[in-house]
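Peer 1: Before I ask anything, here is the structure I am working with.
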Amino acid sequence: MNVERLRELAISDTGFVFDPYSGFTFSVNETGRFMLQALKAGHAAEAVAAQLAEAFDLTPSDDPSRDVHEFILMLREQQLLPHDDDREG
Amino acid sequence: MRSSPTVAVTGLNATDNPGPGVAVLRALRAAPDFHGRLVGLAYDSLDPGIYHQPLGLSAAYLIPYPSQGLEAMRERLFEIHRQTPFDVLIPTLDSELPSMIALEPELAAKGVHLYLPTREQFDLRSKARLAELGARAGLDVPETRVLSDVRELYDVHKDVPYPFMVKGVFYGAVKVNAVDEAVHAWHQTVAKWGLPVIVQQHYSGEEYDIVAVGDGRGGLIGAVPMKKMLLTDKGKGWAGVAVKDPTLIEMTERFMAASHWRGPCEVEVLRTHEGRSLLLEVNPRFPAWTFLSAGAGQNLPWAVARLALGDAVAPMRDFKAGTMFVRISLDQVTSIDRFEQIASTGAITFEKEKDPP
């Protein structure tokens, strides 16, 4: 997954995110910030889901993998991840 | 490097549709190397910049509107120069640039230096020649038609489909969705700005503006792109943030390379939802949000003053993305004496007073 744009994001402790390329700002909650940091670090989607489950005590029924994939879709909509990158890993 | 020149700046109308003069003066005042004097040149005795104490103006003068002709401008500038000699003049309004470009040699002979585009460069970036500029610079531009007869408007949608923008040759833009709206916008535009009228394809997307300075040889001295965060009802940026999208700098460099632009300008770019980066227009002067450049690490007004004086200024590329501006409206309290002085004599000198303006 090409995370070049994610690496440029300024992410504060409160979850406030500034994209210095576009000038857009948005906020993420605690789990969102966790996923953003993990993806920014270059971890694949399934690895992020596993880390998320461990960090937030999630069970398989919580389906952390679905959350991560939905989050990735949102990042694509914001053009923070490339649309044509289907590998997610 | 001369650190204490006297710099005169126009455009002190800091209203809700502000002229850039106050921003340029603030940037000069904020430059650590600048120890000179500042002179304000205003068109109206109530231009707010005249009364803005933190600028520390040495003097302010009224000058004639460009519509009063070149001779009136020449005489007034020379008279002001006799009273308060200035070394650099930074005009900040589109409408005064043709006069200033024409007067540049005479002003230079009196020791007044400007850093302006040539008339050819100035004309190249006019709205009517956007397509030509785009082709020369290799920049994507919206489909544009320049019309001089209202009858052309009825067929223009075959080339430029609705919705499109109806733009005045100097200023103003109205989005229209059908021919009746287009005809209405045409008459409004012609009444205000005359002919021709520019019809330009409308695109949805995000607008970015870049304040930049060209070296006159095709190079870029400095540039700071900005994304507007809040607009007034006139579409003017009331808040904005410096961004570092390299595409915006590259587009500005292409414009400079193609035009050999000399001096300040504002490049307007639309990033469409489909990912196209369209050059919308190039304004031939500093924008009103120019102070952001100084705050972000590139003091472009000070660079222009130094370039005008013949100093070598190294290209600047670094700036701090995320630097923001948020405008404010506030009431400046002053004495009626000051208004009386500028209104009745066309001049006000602050240096003899104990307190600043």
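Labels for the structure tokens follow display order: chains A, B, ..., residues from 1 in each chain, ligands from 1.
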Mind listing as number ranges by chain which residues of chain A are within 12 Å of chain B, counting only C-alpha atoms?
Peer 2: A: 5, 8-10, 17-25, 77-79, 82-83
Peer 1: Running DSSP on the backbone, which parts of stretch 105-253 of chain B land in strand (DSSP E or B), as a ChimeraX atom specification?
Peer 2: /B:113,144-147,164-168,173-176,197-201,205-215,220-231,237-242
Peer 1: Tell me, as a PyMOL selection string, which residues lie within 8 Å of B:Pro64, counting only C-alpha atoms; anything in the same chain fewer than 2 positions away does not count.
Peer 2: chain B and resi 43+62+66+68+72-73+76
Peer 1: So which residues of stretch 110-356 of chain B fall under alpha helix (DSSP H) by DSSP, listed as a PyMOL selection string?
Peer 2: chain B and resi 119-124+130-137+179-193+246-259+291-296+300-308+336-345
Peer 1: Quick one: residues within 9 Å of A:Gly42, only C-alpha atoms counted, chain neighbours fewer than 5 positions away excluded, as a list in words?
Peer 2: Met1, Asn2, Val3, Gln37 and Gly89 of chain A
Peer 1: Could you take the residues named above and write them with N, CA and C atoms, as a PDB file, in the first residue's frame?
Peer 2:
ATOM      1  N   MET A   1       0.861  -1.190   0.000  1.00  0.00           N
ATOM      2  CA  MET A   1       0.000   0.000   0.000  1.00  0.00           C
ATOM      3  C   MET A   1       0.905   1.251   0.000  1.00  0.00           C
ATOM      4  N   ASN A   2       0.605   2.176  -0.909  1.00  0.00           N
ATOM      5  CA  ASN A   2       1.403   3.403  -0.987  1.00  0.00           C
ATOM      6  C   ASN A   2       0.918   4.395   0.078  1.00  0.00           C
ATOM      7  N   VAL A   3       1.736   4.580   1.104  1.00  0.00           N
ATOM      8  CA  VAL A   3       1.304   5.434   2.227  1.00  0.00           C
ATOM      9  C   VAL A   3       2.069   6.763   2.253  1.00  0.00           C
ATOM     10  N   GLN A  37      -2.144   5.714  12.464  1.00  0.00           N
ATOM     11  CA  GLN A  37      -0.728   5.607  12.812  1.00  0.00           C
ATOM     12  C   GLN A  37      -0.140   4.289  12.303  1.00  0.00           C
ATOM     13  N   GLY A  89      -1.877  -4.194   1.174  1.00  0.00           N
ATOM     14  CA  GLY A  89      -0.873  -4.822   2.002  1.00  0.00           C
ATOM     15  C   GLY A  89       0.441  -4.621   1.381  1.00  0.00           C
TER      16      GLY A  89
END
Peer 1: Do you know which residues are at most 12 Å from A:Asp62 counting only C-alpha atoms, after dropping those on the same chain fewer than 5 positions away, and could you put them as a list of chain:residue names?
Peer 2: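 My reading of the contact set: A:Ala49, A:Ala50, A:Leu52, A:Ala53, A:Glu54, A:Phe56, A:Asp57, A:Asp67, A:Val68.
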Peer 1: Rounded to one decimal in Å, what is the spacing between atom CA of B:Trp193 and atom CA of B:Glu132?
Peer 2: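 Atom CA of B:Trp193 sits 21.9 Å away from atom CA of B:Glu132.
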Peer 1: Which residues come within 9 Å of stretch 13-15 of chain A, counting only C-alpha atoms, excluding same-chain residues fewer than 2 positions away, as a list in words?
Peer 2: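 Neighbouring residues, sequence-local ones excluded: Ile11, Val17, Phe26, Ser27, Val28, Asn29, Glu30, Gly32 and Arg33 of chain A.
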Peer 1: Quote the spacing between atom CA of B:Leu93 and atom CA of B:Val39 in Å to one decimal place.
Peer 2: 16.1 Å
Peer 1: Would you compute the distance between atom CA of B:Leu114 and atom CA of B:Ala312? Give it in Å to one decimal.
Peer 2: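 Atom CA of B:Ala312 lies 14.8 Å from atom CA of B:Leu114.
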Peer 1: Using only C-alpha atoms, which of A:Ser12, A:Leu6, A:Ser65, A:Leu73 sits nearest A:Leu36?
Peer 2: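 Among the listed residues, the smallest separation from A:Leu36 belongs to A:Leu6.
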Peer 1: Calculated over only C-alpha atoms, which of the candidates B:Gly111, B:Pro196, B:Gly56, B:Pro264 has the smallest distance to B:Gly36?
Peer 2: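 Of all the options, B:Gly56 lies closest to B:Gly36.
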Peer 1: Under the rule that only C-alpha atoms are counted, which of B:Asp209, B:Asp33, B:Glu250, B:Asp16 is the nearest residue to B:Arg327?
Peer 2: B:Asp16
